[in-house]
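Asker: Input structure: model_20.pdb, which contains PDB, C-alpha atoms.
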ATOM      1  CA  MET A   1     167.002  37.007  15.899
ATOM      2  CA  SER A   2     170.112  38.716  14.727
ATOM      3  CA  SER A   3     171.730  38.205  18.123
ATOM      4  CA  SER A   4     174.777  36.030  18.427
ATOM      5  CA  ALA A   5     174.306  32.601  19.959
ATOM      6  CA  ALA A   6     176.357  33.461  23.015
ATOM      7  CA  ALA A   7     174.278  36.497  23.913
ATOM      8  CA  SER A   8     170.859  34.836  23.993
ATOM      9  CA  ALA A   9     169.520  32.064  26.169
ATOM     10  CA  TYR A  10     169.864  28.472  25.022
ATOM     11  CA  TRP A  11     166.111  27.976  24.645
ATOM     12  CA  ARG A  12     165.926  30.902  22.253
ATOM     13  CA  VAL A  13     168.719  29.426  20.182
ATOM     14  CA  ALA A  14     166.717  26.203  20.020
ATOM     15  CA  GLY A  15     163.860  28.153  18.439
ATOM     16  CA  MET A  16     161.641  28.507  21.481
ATOM     17  CA  THR A  17     159.761  31.726  22.116
ATOM     18  CA  TYR A  18     157.475  33.043  24.841
ATOM     19  CA  LEU A  19     154.602  32.866  22.351
ATOM     20  CA  LYS A  20     155.210  29.188  21.633
ATOM     21  CA  TYR A  21     155.488  28.471  25.344
ATOM     22  CA  SER A  22     152.249  30.240  26.271
ATOM     23  CA  ASN A  23     150.338  28.635  23.402
ATOM     24  CA  LEU A  24     151.627  25.206  24.400
ATOM     25  CA  CYS A  25     150.448  25.781  27.955
ATOM     26  CA  ALA A  26     147.063  27.021  26.718
ATOM     27  CA  ASP A  27     146.683  23.894  24.553
ATOM     28  CA  MET A  28     147.369  21.728  27.604
ATOM     29  CA  VAL A  29     144.755  23.533  29.668
ATOM     30  CA  ARG A  30     142.183  23.299  26.881
ATOM     31  CA  ALA A  31     142.873  19.585  26.466
ATOM     32  CA  ALA A  32     142.233  19.066  30.192
ATOM     33  CA  LEU A  33     138.778  20.652  30.100
ATOM     34  CA  LYS A  34     135.496  18.720  30.291
ATOM     35  CA  GLU A  35     132.926  18.639  27.543
ATOM     36  CA  PRO A  36     130.526  21.575  27.663
ATOM     37  CA  VAL A  37     133.389  24.032  28.046
ATOM     38  CA  LYS A  38     135.797  22.045  25.908
ATOM     39  CA  ALA A  39     133.982  22.647  22.616
ATOM     40  CA  LYS A  40     133.730  26.334  23.362
ATOM     41  CA  ALA A  41     137.423  26.555  24.192
ATOM     42  CA  LYS A  42     138.272  24.595  21.035
ATOM     43  CA  ALA A  43     136.997  27.511  18.957
ATOM     44  CA  ARG A  44     139.657  29.705  20.508
ATOM     45  CA  GLU A  45     142.580  27.672  19.230
ATOM     46  CA  ILE A  46     141.897  27.841  15.503
ATOM     47  CA  ILE A  47     144.337  29.546  13.185
ATOM     48  CA  TYR A  48     143.459  30.702   9.700
ATOM     49  CA  PHE A  49     145.364  33.163   7.562
ATOM     50  CA  ARG A  50     147.106  33.284   4.237
ATOM     51  CA  GLN A  51     150.418  34.897   3.535
ATOM     52  CA  SER A  52     152.888  35.257   0.745
ATOM     53  CA  LEU A  53     156.505  36.306   0.852
ATOM     54  CA  TRP A  54     157.588  38.905  -1.669
ATOM     55  CA  LYS A  55     160.745  38.991  -3.686
ATOM     56  CA  ASP A  56     161.853  41.952  -5.809
ATOM     57  CA  GLY A  57     158.404  43.491  -5.677
ATOM     58  CA  VAL A  58     156.586  40.353  -6.791
ATOM     59  CA  PRO A  59     154.537  38.097  -4.503
ATOM     60  CA  GLN A  60     155.767  34.536  -4.358
ATOM     61  CA  LYS A  61     153.759  31.415  -3.601
ATOM     62  CA  GLN A  62     150.771  31.868  -1.311
ATOM     63  CA  VAL A  63     150.733  29.824   1.895
ATOM     64  CA  ILE A  64     147.506  29.196   3.785
ATOM     65  CA  THR A  65     147.832  28.302   7.455
ATOM     66  CA  ASP A  66     144.638  26.502   8.438
ATOM     67  CA  THR A  67     144.003  24.473  11.583
ATOM     68  CA  THR A  68     140.215  24.510  11.259
ATOM     69  CA  GLU A  69     140.093  21.113   9.498
ATOM     70  CA  GLY A  70     137.851  22.297   6.712
ATOM     71  CA  THR A  71     135.388  24.154   8.904
ATOM     72  CA  ALA A  72     136.662  27.535   7.679
ATOM     73  CA  GLY A  73     133.832  29.646   6.369
ATOM     74  CA  LYS A  74     131.248  27.696   8.349
ATOM     75  CA  LEU A  75     132.360  29.312  11.557
ATOM     76  CA  SER A  76     132.426  32.902  10.326
TER
ATOM     77  CA  MET B  77     113.044  89.279 -63.574
ATOM     78  CA  LEU B  78     113.389  90.457 -60.010
ATOM     79  CA  ARG B  79     109.694  89.941 -59.388
ATOM     80  CA  ARG B  80     109.830  86.366 -60.578
ATOM     81  CA  ALA B  81     112.743  85.655 -58.329
ATOM     82  CA  GLY B  82     110.845  87.153 -55.397
ATOM     83  CA  GLN B  83     107.825  84.980 -56.140
ATOM     84  CA  ALA B  84     110.019  81.921 -56.200
ATOM     85  CA  LEU B  85     111.467  82.864 -52.845
ATOM     86  CA  LEU B  86     108.004  83.420 -51.456
ATOM     87  CA  ARG B  87     106.864  80.045 -52.746
ATOM     88  CA  GLN B  88     109.850  78.434 -51.084
ATOM     89  CA  HIS B  89     109.022  80.125 -47.817
ATOM     90  CA  VAL B  90     105.453  78.957 -48.003
ATOM     91  CA  SER B  91     106.502  75.404 -48.651
ATOM     92  CA  VAL B  92     108.895  75.529 -45.664
ATOM     93  CA  ALA B  93     106.125  76.870 -43.454
ATOM     94  CA  GLU B  94     103.735  74.173 -44.670
ATOM     95  CA  SER B  95     106.173  71.390 -44.008
ATOM     96  CA  LEU B  96     106.829  72.804 -40.533
ATOM     97  CA  ALA B  97     103.117  72.792 -39.760
ATOM     98  CA  VAL B  98     102.792  69.222 -40.909
ATOM     99  CA  ALA B  99     105.734  68.182 -38.817
ATOM    100  CA  SER B 100     104.392  69.851 -35.702
ATOM    101  CA  GLN B 101     100.995  68.313 -36.275
ATOM    102  CA  GLN B 102     102.595  64.926 -36.519
ATOM    103  CA  ALA B 103     104.516  65.587 -33.322
ATOM    104  CA  GLN B 104     101.381  66.639 -31.531
ATOM    105  CA  GLY B 105      99.687  63.507 -32.732
ATOM    106  CA  VAL B 106     102.457  61.437 -31.239
ATOM    107  CA  VAL B 107     102.186  63.273 -27.942
ATOM    108  CA  ARG B 108      98.424  62.824 -27.862
ATOM    109  CA  GLU B 109      98.856  59.147 -28.579
ATOM    110  CA  ALA B 110     101.425  58.837 -25.786
ATOM    111  CA  VAL B 111      99.170  60.510 -23.240
ATOM    112  CA  ASP B 112      95.957  58.615 -23.789
ATOM    113  CA  GLY B 113      97.361  55.585 -25.594
ATOM    114  CA  SER B 114      98.889  52.281 -24.451
ATOM    115  CA  SER B 115     102.413  53.671 -23.776
ATOM    116  CA  ARG B 116     101.225  55.153 -20.467
ATOM    117  CA  GLY B 117     100.532  51.692 -19.103
ATOM    118  CA  VAL B 118     104.030  50.599 -20.059
ATOM    119  CA  SER B 119     105.625  53.450 -18.116
ATOM    120  CA  THR B 120     103.637  52.756 -14.928
ATOM    121  CA  LEU B 121     104.599  49.097 -15.209
ATOM    122  CA  ALA B 122     108.277  50.076 -15.402
ATOM    123  CA  VAL B 123     107.931  52.285 -12.339
ATOM    124  CA  LYS B 124     106.163  49.479 -10.484
ATOM    125  CA  GLN B 125     108.972  47.058 -11.325
ATOM    126  CA  ARG B 126     111.513  49.630 -10.212
ATOM    127  CA  MET B 127     109.721  50.111  -6.897
ATOM    128  CA  LYS B 128     109.698  46.376  -6.343
ATOM    129  CA  SER B 129     113.421  46.002  -7.031
ATOM    130  CA  VAL B 130     114.274  48.958  -4.796
ATOM    131  CA  ALA B 131     112.221  47.414  -1.993
ATOM    132  CA  ASN B 132     114.101  44.143  -2.469
ATOM    133  CA  ILE B 133     117.473  45.883  -2.329
ATOM    134  CA  GLN B 134     116.296  47.669   0.802
ATOM    135  CA  LYS B 135     115.520  44.311   2.413
ATOM    136  CA  ILE B 136     118.914  42.886   1.455
ATOM    137  CA  THR B 137     120.834  45.923   2.722
ATOM    138  CA  LYS B 138     118.890  45.813   5.969
ATOM    139  CA  ALA B 139     119.882  42.174   6.454
ATOM    140  CA  MET B 140     123.520  43.007   5.605
ATOM    141  CA  LYS B 141     123.439  45.852   8.074
ATOM    142  CA  MET B 142     122.189  43.557  10.822
ATOM    143  CA  VAL B 143     124.895  40.970  10.083
ATOM    144  CA  ALA B 144     127.548  43.698  10.064
ATOM    145  CA  ALA B 145     126.263  45.120  13.352
ATOM    146  CA  SER B 146     126.467  41.739  15.090
ATOM    147  CA  LYS B 147     129.960  41.113  13.679
ATOM    148  CA  MET B 148     130.996  44.566  14.815
ATOM    149  CA  ARG B 149     129.699  43.905  18.313
ATOM    150  CA  SER B 150     131.663  40.659  18.691
ATOM    151  CA  ALA B 151     134.798  42.274  17.210
ATOM    152  CA  GLN B 152     134.472  45.168  19.631
ATOM    153  CA  ALA B 153     134.075  42.785  22.564
ATOM    154  CA  SER B 154     137.214  40.849  21.613
ATOM    155  CA  THR B 155     139.166  44.072  21.036
ATOM    156  CA  GLU B 156     138.245  45.386  24.453
ATOM    157  CA  GLY B 157     138.939  41.978  25.980
ATOM    158  CA  SER B 158     142.430  41.854  24.474
ATOM    159  CA  ARG B 159     143.310  45.221  25.965
ATOM    160  CA  GLY B 160     143.470  43.547  29.355
ATOM    161  CA  ILE B 161     146.585  41.738  28.157
ATOM    162  CA  VAL B 162     148.116  44.496  26.078
ATOM    163  CA  GLN B 163     147.798  47.490  28.390
ATOM    164  CA  PRO B 164     149.693  46.102  31.430
ATOM    165  CA  PHE B 165     152.561  45.118  29.124
ATOM    166  CA  LEU B 166     152.600  48.558  27.575
ATOM    167  CA  ARG B 167     152.612  50.153  31.023
ATOM    168  CA  MET B 168     155.452  47.929  32.157
ATOM    169  CA  LEU B 169     157.651  48.097  29.041
ATOM    170  CA  GLY B 170     156.737  51.496  27.664
ATOM    171  CA  ASP B 171     157.001  52.548  24.049
ATOM    172  CA  LEU B 172     160.063  53.877  22.285
ATOM    173  CA  PRO B 173     158.937  55.309  18.951
ATOM    174  CA  ALA B 174     162.234  57.128  18.337
ATOM    175  CA  ALA B 175     164.295  53.920  18.465
ATOM    176  CA  GLU B 176     166.848  53.481  15.727
ATOM    177  CA  GLY B 177     167.809  50.221  14.109
ATOM    178  CA  ALA B 178     169.519  49.057  10.965
ATOM    179  CA  ARG B 179     166.611  46.863   9.987
ATOM    180  CA  ALA B 180     163.292  48.623  10.451
ATOM    181  CA  VAL B 181     160.116  46.662   9.860
ATOM    182  CA  PHE B 182     156.742  48.348   9.358
ATOM    183  CA  VAL B 183     153.509  46.472   9.869
ATOM    184  CA  PRO B 184     150.498  48.419   8.577
ATOM    185  CA  ILE B 185     147.285  46.728   9.670
ATOM    186  CA  THR B 186     144.413  47.161   7.231
ATOM    187  CA  SER B 187     141.198  45.374   6.338
ATOM    188  CA  ASP B 188     140.581  42.880   3.547
ATOM    189  CA  LYS B 189     137.427  44.557   2.318
ATOM    190  CA  GLY B 190     136.453  48.138   1.701
ATOM    191  CA  LEU B 191     133.373  50.299   2.270
ATOM    192  CA  CYS B 192     134.781  51.513   5.572
ATOM    193  CA  GLY B 193     135.655  55.126   4.849
ATOM    194  CA  GLY B 194     139.211  56.353   5.094
ATOM    195  CA  ILE B 195     140.434  53.778   7.621
ATOM    196  CA  ASN B 196     142.837  51.997   5.290
ATOM    197  CA  THR B 197     143.941  55.157   3.508
ATOM    198  CA  THR B 198     144.856  56.697   6.872
ATOM    199  CA  VAL B 199     147.001  53.715   7.834
ATOM    200  CA  CYS B 200     148.767  53.741   4.457
ATOM    201  CA  LYS B 201     149.350  57.478   4.682
ATOM    202  CA  TYR B 202     150.870  57.121   8.151
ATOM    203  CA  THR B 203     152.976  54.196   6.944
ATOM    204  CA  ARG B 204     154.471  56.232   4.109
ATOM    205  CA  ALA B 205     155.117  59.170   6.437
ATOM    206  CA  THR B 206     156.743  56.961   9.094
ATOM    207  CA  ILE B 207     158.970  55.198   6.572
ATOM    208  CA  LYS B 208     160.128  58.588   5.362
ATOM    209  CA  ALA B 209     160.637  59.914   8.894
ATOM    210  CA  VAL B 210     162.717  56.879   9.852
ATOM    211  CA  ALA B 211     164.719  57.078   6.613
ATOM    212  CA  ASP B 212     165.494  60.762   7.250
ATOM    213  CA  GLY B 213     166.178  60.053  10.929
ATOM    214  CA  PRO B 214     169.286  60.957  12.976
ATOM    215  CA  VAL B 215     171.256  57.925  11.796
ATOM    216  CA  ALA B 216     170.884  58.887   8.138
ATOM    217  CA  SER B 217     171.552  62.594   8.725
ATOM    218  CA  GLU B 218     174.773  61.801  10.602
ATOM    219  CA  GLY B 219     176.007  60.055   7.502
ATOM    220  CA  GLY B 220     175.530  56.592   8.890
ATOM    221  CA  GLU B 221     174.252  53.537   7.097
ATOM    222  CA  PRO B 222     170.762  54.179   5.730
ATOM    223  CA  ASN B 223     168.060  52.183   7.451
ATOM    224  CA  GLU B 224     166.688  49.203   5.671
ATOM    225  CA  ALA B 225     162.915  49.473   5.566
ATOM    226  CA  LEU B 226     160.809  46.351   5.222
ATOM    227  CA  LEU B 227     157.042  46.105   5.015
ATOM    228  CA  VAL B 228     154.867  43.293   6.281
ATOM    229  CA  VAL B 229     151.402  44.306   5.144
ATOM    230  CA  MET B 230     148.338  42.930   6.845
ATOM    231  CA  GLY B 231     145.125  43.033   4.819
ATOM    232  CA  GLU B 232     144.296  43.178   1.122
ATOM    233  CA  LYS B 233     143.488  46.893   1.065
ATOM    234  CA  GLY B 234     146.844  47.887   2.472
ATOM    235  CA  ARG B 235     148.583  45.587   0.019
ATOM    236  CA  SER B 236     146.830  47.095  -2.993
ATOM    237  CA  GLN B 237     147.501  50.644  -1.809
ATOM    238  CA  LEU B 238     151.121  50.212  -0.745
ATOM    239  CA  GLN B 239     152.285  48.010  -3.609
ATOM    240  CA  ARG B 240     151.899  51.011  -5.891
ATOM    241  CA  ASP B 241     154.850  52.930  -4.483
ATOM    242  CA  GLN B 242     156.486  50.661  -1.874
ATOM    243  CA  ARG B 243     156.522  47.517  -3.984
ATOM    244  CA  ASN B 244     160.209  46.830  -3.496
ATOM    245  CA  SER B 245     160.206  47.102   0.290
ATOM    246  CA  ILE B 246     157.373  44.626   0.825
ATOM    247  CA  TYR B 247     158.731  41.585   2.620
ATOM    248  CA  ALA B 248     155.474  39.695   3.034
ATOM    249  CA  THR B 249     151.718  40.161   2.948
ATOM    250  CA  VAL B 250     149.206  38.545   5.274
ATOM    251  CA  ALA B 251     145.461  38.431   4.635
ATOM    252  CA  ASP B 252     142.238  36.693   5.642
ATOM    253  CA  THR B 253     143.161  36.930   9.307
ATOM    254  CA  ASN B 254     139.576  37.497  10.390
ATOM    255  CA  LYS B 255     137.937  35.167   7.914
ATOM    256  CA  VAL B 256     137.215  32.585  10.595
ATOM    257  CA  LYS B 257     137.978  34.163  13.950
ATOM    258  CA  VAL B 258     140.770  36.199  15.458
ATOM    259  CA  THR B 259     142.433  34.116  18.156
ATOM    260  CA  PHE B 260     145.543  34.382  20.278
ATOM    261  CA  PRO B 261     147.199  31.377  18.559
ATOM    262  CA  GLU B 262     146.579  33.087  15.213
ATOM    263  CA  ALA B 263     148.166  36.336  16.389
ATOM    264  CA  SER B 264     151.079  34.295  17.754
ATOM    265  CA  ALA B 265     151.553  32.474  14.458
ATOM    266  CA  ILE B 266     151.706  35.775  12.587
ATOM    267  CA  ALA B 267     154.071  37.219  15.188
ATOM    268  CA  GLU B 268     156.342  34.197  14.728
ATOM    269  CA  GLU B 269     156.390  34.897  10.995
ATOM    270  CA  LEU B 270     157.232  38.490  11.791
ATOM    271  CA  LEU B 271     160.209  37.374  13.902
ATOM    272  CA  LYS B 272     161.675  35.788  10.766
ATOM    273  CA  THR B 273     162.309  39.262   9.335
ATOM    274  CA  GLU B 274     165.061  39.560  11.994
ATOM    275  CA  TYR B 275     164.089  43.144  12.679
ATOM    276  CA  ASP B 276     165.824  45.603  14.973
ATOM    277  CA  THR B 277     162.776  47.784  15.320
ATOM    278  CA  ALA B 278     159.247  46.853  14.315
ATOM    279  CA  ARG B 279     156.545  49.477  14.066
ATOM    280  CA  ILE B 280     152.959  48.346  14.015
ATOM    281  CA  LEU B 281     150.677  50.935  12.430
ATOM    282  CA  TYR B 282     147.005  50.526  13.116
ATOM    283  CA  ASN B 283     143.803  52.325  13.903
ATOM    284  CA  ARG B 284     143.147  52.243  17.608
ATOM    285  CA  PHE B 285     139.452  51.691  18.149
ATOM    286  CA  VAL B 286     137.813  54.470  20.136
ATOM    287  CA  SER B 287     134.241  54.148  18.911
ATOM    288  CA  ALA B 288     132.460  53.075  15.738
ATOM    289  CA  ILE B 289     132.985  56.521  14.237
ATOM    290  CA  ALA B 290     136.376  57.352  15.738
ATOM    291  CA  GLN B 291     139.622  55.471  15.208
ATOM    292  CA  LYS B 292     142.924  56.914  16.239
ATOM    293  CA  PRO B 293     145.932  56.097  14.046
ATOM    294  CA  THR B 294     148.575  54.629  16.349
ATOM    295  CA  ILE B 295     152.141  53.407  16.087
ATOM    296  CA  ALA B 296     153.321  50.675  18.442
ATOM    297  CA  THR B 297     157.057  50.101  18.493
ATOM    298  CA  VAL B 298     158.486  46.673  19.213
ATOM    299  CA  LEU B 299     162.215  46.336  19.685
ATOM    300  CA  SER B 300     164.340  43.247  19.341
ATOM    301  CA  PRO B 301     166.239  42.254  22.581
ATOM    302  CA  ASP B 302     169.452  43.401  20.876
ATOM    303  CA  GLU B 303     168.074  46.826  20.164
ATOM    304  CA  LEU B 304     166.717  47.052  23.711
ATOM    305  CA  THR B 305     170.136  46.215  25.175
ATOM    306  CA  LEU B 306     171.724  48.765  22.883
ATOM    307  CA  THR B 307     169.276  51.475  23.869
ATOM    308  CA  TYR B 308     169.758  50.584  27.535
ATOM    309  CA  ASN B 309     173.541  50.788  27.232
ATOM    310  CA  ARG B 310     173.363  54.044  25.321
ATOM    311  CA  THR B 311     171.101  55.627  27.946
ATOM    312  CA  ARG B 312     173.304  54.342  30.761
ATOM    313  CA  GLN B 313     176.411  55.633  28.983
ATOM    314  CA  ALA B 314     174.801  59.041  28.592
ATOM    315  CA  SER B 315     173.936  59.260  32.291
ATOM    316  CA  ILE B 316     177.454  58.126  33.275
ATOM    317  CA  THR B 317     178.937  60.792  31.008
ATOM    318  CA  THR B 318     176.800  63.528  32.565
ATOM    319  CA  GLU B 319     177.713  62.363  36.064
ATOM    320  CA  LEU B 320     181.411  62.346  35.150
ATOM    321  CA  ILE B 321     181.166  65.853  33.692
ATOM    322  CA  GLU B 322     179.461  67.056  36.860
ATOM    323  CA  ILE B 323     182.106  65.473  39.095
ATOM    324  CA  ILE B 324     185.007  66.779  37.021
ATOM    325  CA  SER B 325     183.590  70.278  36.741
ATOM    326  CA  GLY B 326     182.930  70.274  40.488
ATOM    327  CA  ALA B 327     186.487  69.147  41.194
ATOM    328  CA  THR B 328     187.999  71.781  38.901
ATOM    329  CA  ALA B 329     185.821  74.460  40.487
ATOM    330  CA  LEU B 330     187.085  73.452  43.923
ATOM    331  CA  ALA B 331     190.709  73.272  42.769
ATOM    332  CA  GLY B 332     190.495  76.612  40.970
TER
END
Mind converting the file's structure to structure tokens?
Answerer:
Amino acid sequence: MSSSAAASAYWRVAGMTYLKYSNLCADMVRAALKEPVKAKAKAREIIYFRQSLWKDGVPQKQVITDTTEGTAGKLS
Amino acid sequence: MLRRAGQALLRQHVSVAESLAVASQQAQGVVREAVDGSSRGVSTLAVKQRMKSVANIQKITKAMKMVAASKMRSAQASTEGSRGIVQPFLRMLGDLPAAEGARAVFVPITSDKGLCGGINTTVCKYTRATIKAVADGPVASEGGEPNEALLVVMGEKGRSQLQRDQRNSIYATVADTNKVKVTFPEASAIAEELLKTEYDTARILYNRFVSAIAQKPTIATVLSPDELTLTYNRTRQASITTELIEIISGATALAG
């Protein structure tokens, strides 16, 4: 955020966002589930994408965010 | 003298005609051989092989079509499911496509693979047009600081199309988002990355799904809290100014 520290709430300054908060809550709920539903809910918390930042019109190093623990491709 | 020359010419002509006849006979012989000879069997064999390979390709494409249809169905279900979250927010917050900001971020959303008609081309076309419209916007025409345009391209197709002419404004590219499964945590992670651009206005350009054959190009505008406050203040200021003008003009009318 380009806002000055005084203008925004302290939790935003600390790097917290609504997205992080809601995902944290969702993780808690999923962790509290019992087995038949738990495995199904587990599939909804995976993250997989790759991105690269660009500089002067040239892509830099590629970063892959993967929380599937090697099951990527098998699930698709 | 002349006569002899004529005879020679005639002889030449005859020999040409003879050689032609021989050649045509030979050709006919070849044709006859081709019709009732062994080469006919070869050609039917080739056709048979061709038929077999076409049938195989037909089988493979049919299987691919079925896989694609099932993927499409699940994607459609999740799209329609996600609208339950998006639409109330949109109703509550509204959309402000004309918002101005020093740092404008554009997020064209395209696919990683092709064979889907003009979907990606449409998004790229709209992206170029929107970048231009924002660059020529009121801020620039009033002689203000030109907007800084940044691109965060989602999908390989958009990257390959936009890097041709917008290479220098690309901030980041994201791909393979639907390789495993599209989830809310994934969308959040990408949105967090998007926040790092420190945008004032972000415009998400995508094809809104209507049906399998109809997608509507759409722009969703996301403002940073700063920009929202600014817009709010500006609108409030404008309404205060109008009220003041009304009061003053009323007072002068009464006094005069």
Asker: Give me, as a list in words, the contact residues of chain B against chain A at a cut-off of 7 Å, counting all atoms listed in the file.
Answerer: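 Using all atoms listed in the file, chain B residues at most 7 Å from chain A: Arg243, Asn244, Ile246, Tyr247, Ala248, Thr249, Val250, Ala251, Asp252, Thr253, Lys255, Val256, Lys257, Thr259, Pro261, Glu262, Ser264, Glu274 and Asp302 of chain B.
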Asker: Can you tell me how far CA of Leu169 in chain B sits from CA of Asp276 in chain B, in Å to one decimal?
Answerer: 16.5 Å
Asker: In the coordinates of the file, take the point (162.3, 47.1, 29.7) and a cut-off of 10 Å; then, counting only C-alpha atoms, name each qualifying protein, DNA or RNA residue as number ranges by chain.
Answerer: B: 165, 168-171, 301, 304-305, 308
Asker: Record the distance separating CA of Ala180 in chain B and CA of Arg167 in chain B, expressed in Å with one decimal.
Answerer: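 Taking CA of Ala180 in chain B and CA of Arg167 in chain B, their separation equals 23.2 Å.
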Asker: One decimal, in Å: what's the spacing between CA of Ser245 in chain B and CA of Glu268 in chain B?
Answerer: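 Separation between CA of Ser245 in chain B and CA of Glu268 in chain B: 19.7 Å.
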Asker: Enumerate, as a ChimeraX atom specification, the residues matched when the PyMOL selection byres ((chain B and resi 229) around 7) is run on the file above.
Answerer: /B:183-185,227-228,230-231,234-235,248-250
Asker: Residues near Ala31 in chain A, anyone? I mean within 12 Å using only C-alpha atoms, not counting same-chain ones fewer than 5 positions away, as an MDAnalysis selection string.
Answerer: chainID A and resid 24:26 37:42 45
Asker: Considering all atoms listed in the file, state which residue in the set B:Ile289, B:Ile295, B:Ser315, B:Glu322 is at the smallest distance from Ile195 in chain B.
Answerer: B:Ile289
Asker: Could you give me the axis-aligned bounding box of range 43-51 of chain A, with 4 Å of padding per side, as centre plus edge lengths in Å to one decimal, as AutoDock Vina command-line options?
Answerer:
--center_x 143.7 --center_y 31.2 --center_z 12.0 --size_x 21.4 --size_y 15.4 --size_z 25.0
Asker: I need the output of the PyMOL selection byres ((chain B and resi 297) around 6) for this file as number ranges by chain; which residues are they?
Answerer: B: 173, 278-279, 296, 298
